[in-house]
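All remarks here apply to the structure that follows.
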Amino acid sequence: MAEAERIIGTPETPDADRGGQDRTGLDRADAQDAEAAAEAPRGKRRVAVLFAVAVAAYALDLISKMIVVAKLEHHEPIEIIGDWLRFEAIRNAGAAFGFGEAFTVIFTLIAAAVIVVIVRLARKLYSLPWAIALGLLLGGALGNLTDRIFRSPGVFQGAVVDFIAPKHFAVFNLADSAIVCGGILIVLLSFRGLDPDGTVHKD
């Protein structure tokens, strides 16, 4: 009997095979669902945080410049920490920290483009650190762009008001500080593999 079974072969069991295939398919589906869940954005969107940080940074920059223009411009610098740090009103036609004064219009267009990109990115923003970083960038860009548009010598050619003057360093303002801090935070988040939508990737 055993010899006959060996020659004839064991009868096929379609139901069992189909069950195994179904199980394999389910396993693959579960794995794909788990992978999708791991990659899906978590939590709620952080648009409100982004704009709150941007408004705060913009307001602080705008108020500080109004005070500087009213109280410090055309006056002697104010020493804060000896000659290591002082407040001195400077009109800067260039980029941050006084670089590129011959390209005022170009820097104005770049700032406007940065603002548009950040606003568009806000729709996919689920990460709190990214919201803070982009909010700092947005507020700083808006602060300096306001100067470019509304201050002399003309629209899109206006000189930015700078007043923070450390020793042996360029004069800057709060908008420049917000942009630099936001940029540094973005670099750190990128190194950690955290994306704006809240997912974490590993290269």
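Naming scheme: A, B, ... for chains in displayed order of the structure tokens; residues 1 onward per chain; ligands 1 onward as shown.
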Which residues are near range 47-49 of chain A? Cut-off 12 Å, only C-alpha atoms, ignore same chain within fewer than 3 positions. Put them as a PyMOL selection string.
chain A and resi 44+52-56+118-136+138+196-197
Based on the selection just made, write N, CA and C atoms of those residues as an mmCIF file, in the first residue's frame.
data_model
loop_
_atom_site.group_PDB
_atom_site.id
_atom_site.type_symbol
_atom_site.label_atom_id
_atom_site.label_comp_id
_atom_site.auth_asym_id
_atom_site.auth_seq_id
_atom_site.Cartn_x
_atom_site.Cartn_y
_atom_site.Cartn_z
ATOM 1 N N LYS A 44 -1.921 65.826 15.074
ATOM 2 C CA LYS A 44 -2.652 66.830 14.299
ATOM 3 C C LYS A 44 -1.683 67.784 13.622
ATOM 4 N N ALA A 52 1.695 81.036 14.826
ATOM 5 C CA ALA A 52 1.855 81.719 16.108
ATOM 6 C C ALA A 52 3.311 82.131 16.325
ATOM 7 N N VAL A 53 4.246 81.212 16.021
ATOM 8 C CA VAL A 53 5.665 81.532 16.137
ATOM 9 C C VAL A 53 6.043 82.628 15.146
ATOM 10 N N ALA A 54 5.519 82.533 13.926
ATOM 11 C CA ALA A 54 5.819 83.540 12.901
ATOM 12 C C ALA A 54 5.317 84.917 13.317
ATOM 13 N N VAL A 55 4.094 84.989 13.845
ATOM 14 C CA VAL A 55 3.540 86.277 14.278
ATOM 15 C C VAL A 55 4.358 86.858 15.426
ATOM 16 N N ALA A 56 4.753 85.996 16.382
ATOM 17 C CA ALA A 56 5.551 86.474 17.511
ATOM 18 C C ALA A 56 6.902 87.017 17.044
ATOM 19 N N ILE A 118 7.029 78.124 2.436
ATOM 20 C CA ILE A 118 6.666 77.754 3.802
ATOM 21 C C ILE A 118 5.152 77.655 3.945
ATOM 22 N N VAL A 119 4.418 78.600 3.360
ATOM 23 C CA VAL A 119 2.953 78.576 3.450
ATOM 24 C C VAL A 119 2.396 77.330 2.768
ATOM 25 N N ARG A 120 2.968 76.956 1.636
ATOM 26 C CA ARG A 120 2.503 75.751 0.934
ATOM 27 C C ARG A 120 2.846 74.491 1.731
ATOM 28 N N LEU A 121 3.997 74.485 2.373
ATOM 29 C CA LEU A 121 4.414 73.330 3.152
ATOM 30 C C LEU A 121 3.569 73.154 4.405
ATOM 31 N N ALA A 122 2.940 74.215 4.849
ATOM 32 C CA ALA A 122 2.151 74.155 6.083
ATOM 33 C C ALA A 122 1.012 73.151 6.001
ATOM 34 N N ARG A 123 0.529 72.877 4.798
ATOM 35 C CA ARG A 123 -0.583 71.936 4.649
ATOM 36 C C ARG A 123 -0.198 70.519 5.043
ATOM 37 N N LYS A 124 1.089 70.186 4.995
ATOM 38 C CA LYS A 124 1.555 68.830 5.323
ATOM 39 C C LYS A 124 2.392 68.816 6.599
ATOM 40 N N LEU A 125 2.175 69.808 7.457
ATOM 41 C CA LEU A 125 3.022 69.966 8.635
ATOM 42 C C LEU A 125 2.376 69.312 9.850
ATOM 43 N N TYR A 126 3.032 68.261 10.372
ATOM 44 C CA TYR A 126 2.548 67.572 11.553
ATOM 45 C C TYR A 126 3.587 67.550 12.684
ATOM 46 N N SER A 127 4.784 68.000 12.410
ATOM 47 C CA SER A 127 5.864 67.953 13.388
ATOM 48 C C SER A 127 5.946 69.280 14.142
ATOM 49 N N LEU A 128 5.934 69.219 15.476
ATOM 50 C CA LEU A 128 6.028 70.429 16.288
ATOM 51 C C LEU A 128 7.382 71.132 16.125
ATOM 52 N N PRO A 129 8.515 70.406 16.190
ATOM 53 C CA PRO A 129 9.806 71.096 15.978
ATOM 54 C C PRO A 129 9.907 71.764 14.617
ATOM 55 N N TRP A 130 9.388 71.098 13.571
ATOM 56 C CA TRP A 130 9.408 71.700 12.246
ATOM 57 C C TRP A 130 8.514 72.942 12.205
ATOM 58 N N ALA A 131 7.394 72.908 12.910
ATOM 59 C CA ALA A 131 6.500 74.069 12.951
ATOM 60 C C ALA A 131 7.208 75.269 13.583
ATOM 61 N N ILE A 132 7.966 75.022 14.653
ATOM 62 C CA ILE A 132 8.706 76.102 15.300
ATOM 63 C C ILE A 132 9.792 76.641 14.379
ATOM 64 N N ALA A 133 10.524 75.728 13.741
ATOM 65 C CA ALA A 133 11.612 76.143 12.845
ATOM 66 C C ALA A 133 11.085 76.954 11.669
ATOM 67 N N LEU A 134 10.035 76.459 11.032
ATOM 68 C CA LEU A 134 9.478 77.169 9.882
ATOM 69 C C LEU A 134 8.811 78.476 10.309
ATOM 70 N N GLY A 135 8.238 78.501 11.511
ATOM 71 C CA GLY A 135 7.661 79.737 12.024
ATOM 72 C C GLY A 135 8.711 80.813 12.222
ATOM 73 N N LEU A 136 9.885 80.420 12.727
ATOM 74 C CA LEU A 136 10.986 81.375 12.878
ATOM 75 C C LEU A 136 11.442 81.899 11.526
ATOM 76 N N LEU A 138 9.650 82.016 8.761
ATOM 77 C CA LEU A 138 8.584 82.836 8.177
ATOM 78 C C LEU A 138 8.539 84.215 8.817
ATOM 79 N N PRO A 196 8.910 67.030 7.951
ATOM 80 C CA PRO A 196 7.845 67.950 8.374
ATOM 81 C C PRO A 196 6.505 67.274 8.637
ATOM 82 N N ASP A 197 6.230 66.135 7.959
ATOM 83 C CA ASP A 197 4.953 65.456 8.178
ATOM 84 C C ASP A 197 4.962 64.566 9.411
#
One-decimal distance in Å that lies between CA of Ile115 in chain A and CA of Leu194 in chain A:
21.4 Å
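Nearest residue to Ala57 in chain A, choosing from A:Ala112, A:Ser152, A:Arg86, A:Asn173 and counting only C-alpha atoms: A:Asn173.
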Which is closest to Ile110 in chain A among A:Leu145, A:Asn92, A:Arg45, A:Ser177, if we use only C-alpha atoms?
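Looking at the shortest contact to Ile110 in chain A, the residue is A:Leu145.
Interatomic distance, CA of Lys167 in chain A against CA of Val69 in chain A: 21.5 Å.
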Which residue gives the smallest distance to Cys181 in chain A among A:Leu137, A:Ile80, A:Met66, A:Ala93, with only C-alpha atoms counted?
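Among A:Leu137, A:Ile80, A:Met66, A:Ala93, it is A:Leu137 that comes nearest to Cys181 in chain A.
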Mind checking which residues fall within 9 Å of His201 in chain A, counting only C-alpha atoms, ignoring those fewer than 3 positions away in the same chain, and posting them as a list in words?
Glu39, Arg192, Gly193, Leu194 and Asp195 of chain A
Restricting the output to all heavy atoms, write the selected residues as a PDB file, in the first residue's frame.
ATOM      1  N   GLU A  39       4.671  54.989   8.468  1.00  0.00           N
ATOM      2  CA  GLU A  39       5.053  56.135   7.663  1.00  0.00           C
ATOM      3  C   GLU A  39       4.000  57.232   7.672  1.00  0.00           C
ATOM      4  O   GLU A  39       4.264  58.349   7.268  1.00  0.00           O
ATOM      5  CB  GLU A  39       5.301  55.690   6.217  1.00  0.00           C
ATOM      6  CG  GLU A  39       6.498  54.758   6.072  1.00  0.00           C
ATOM      7  CD  GLU A  39       6.689  54.308   4.636  1.00  0.00           C
ATOM      8  OE1 GLU A  39       5.810  54.651   3.809  1.00  0.00           O
ATOM      9  OE2 GLU A  39       7.683  53.642   4.349  1.00  0.00           O
ATOM     10  N   ARG A 192      18.557  64.270  12.139  1.00  0.00           N
ATOM     11  CA  ARG A 192      17.859  63.257  12.945  1.00  0.00           C
ATOM     12  C   ARG A 192      16.875  62.443  12.124  1.00  0.00           C
ATOM     13  O   ARG A 192      16.322  61.453  12.611  1.00  0.00           O
ATOM     14  CB  ARG A 192      17.123  63.928  14.105  1.00  0.00           C
ATOM     15  CG  ARG A 192      18.039  64.553  15.137  1.00  0.00           C
ATOM     16  CD  ARG A 192      17.263  65.012  16.340  1.00  0.00           C
ATOM     17  NE  ARG A 192      16.566  63.902  16.970  1.00  0.00           N
ATOM     18  CZ  ARG A 192      15.733  64.034  18.006  1.00  0.00           C
ATOM     19  NH1 ARG A 192      15.487  65.232  18.499  1.00  0.00           N
ATOM     20  NH2 ARG A 192      15.140  62.993  18.522  1.00  0.00           N
ATOM     21  N   GLY A 193      16.626  62.850  10.875  1.00  0.00           N
ATOM     22  CA  GLY A 193      15.731  62.100  10.001  1.00  0.00           C
ATOM     23  C   GLY A 193      14.265  62.411  10.205  1.00  0.00           C
ATOM     24  O   GLY A 193      13.400  61.647   9.751  1.00  0.00           O
ATOM     25  N   LEU A 194      13.957  63.525  10.877  1.00  0.00           N
ATOM     26  CA  LEU A 194      12.562  63.883  11.112  1.00  0.00           C
ATOM     27  C   LEU A 194      12.059  64.760   9.983  1.00  0.00           C
ATOM     28  O   LEU A 194      12.639  65.804   9.676  1.00  0.00           O
ATOM     29  CB  LEU A 194      12.435  64.627  12.447  1.00  0.00           C
ATOM     30  CG  LEU A 194      11.020  65.090  12.834  1.00  0.00           C
ATOM     31  CD1 LEU A 194      10.091  63.885  12.977  1.00  0.00           C
ATOM     32  CD2 LEU A 194      11.060  65.896  14.131  1.00  0.00           C
ATOM     33  N   ASP A 195      10.976  64.340   9.340  1.00  0.00           N
ATOM     34  CA  ASP A 195      10.381  65.082   8.232  1.00  0.00           C
ATOM     35  C   ASP A 195       9.275  66.004   8.734  1.00  0.00           C
ATOM     36  O   ASP A 195       8.716  65.782   9.820  1.00  0.00           O
ATOM     37  CB  ASP A 195       9.811  64.107   7.195  1.00  0.00           C
ATOM     38  CG  ASP A 195      10.907  63.331   6.477  1.00  0.00           C
ATOM     39  OD1 ASP A 195      12.024  63.863   6.376  1.00  0.00           O
ATOM     40  OD2 ASP A 195      10.630  62.200   6.024  1.00  0.00           O
TER      41      ASP A 195
END
Test item: residues at most 10 Å from Phe163 in chain A, only C-alpha atoms, excluding those fewer than 6 positions along its chain, as a CSV table (one decimal) with C-alpha atoms, in the first residue's frame:
chain,number,residue,atom,x,y,z
A,64,SER,CA,12.2,96.6,17.9
A,65,LYS,CA,12.8,98.4,14.6
A,68,VAL,CA,15.3,101.9,17.1
A,69,VAL,CA,14.3,104.3,14.3
A,72,LEU,CA,18.4,105.4,18.3
A,73,GLU,CA,18.8,106.5,14.7
A,77,PRO,CA,25.3,103.9,20.0
A,78,ILE,CA,24.2,102.5,23.3
A,86,ARG,CA,26.0,97.7,21.7
A,87,PHE,CA,22.9,98.9,20.0
A,88,GLU,CA,23.7,101.0,16.9
A,89,ALA,CA,21.1,101.9,14.2
A,90,ILE,CA,22.3,100.8,10.7
A,91,ARG,CA,20.5,100.8,7.4
A,92,ASN,CA,21.4,97.7,5.5
A,170,ALA,CA,28.3,92.2,11.6
A,171,VAL,CA,25.3,94.3,12.8
A,172,PHE,CA,22.0,92.4,12.6
A,173,ASN,CA,18.4,92.5,13.8
A,174,LEU,CA,15.9,90.1,15.4
Enter the distance from CA of Ala113 in chain A to CA of Asp147 in chain A, in Å, rounded to one decimal.
16.0 Å
Extract the full set of helix (DSSP H, G or I) residues from range 72-185 of chain A according to DSSP on the backbone, and format it as number ranges by chain.
A: 96-98, 101-124, 128-150, 174-185
Given only C-alpha atoms as the counted atoms, nearest of A:Ile179, A:Lys202, A:Leu188, A:Ala165 to Leu85 in chain A:
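For Leu85 in chain A, the nearest of the given residues is A:Ala165.
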Selected residue, from A:Gly198, A:Gly139, A:Pro166, A:Gly82, that lies nearest to Gly182 in chain A when counting only C-alpha atoms
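Among A:Gly198, A:Gly139, A:Pro166, A:Gly82, it is A:Gly139 that comes nearest to Gly182 in chain A.
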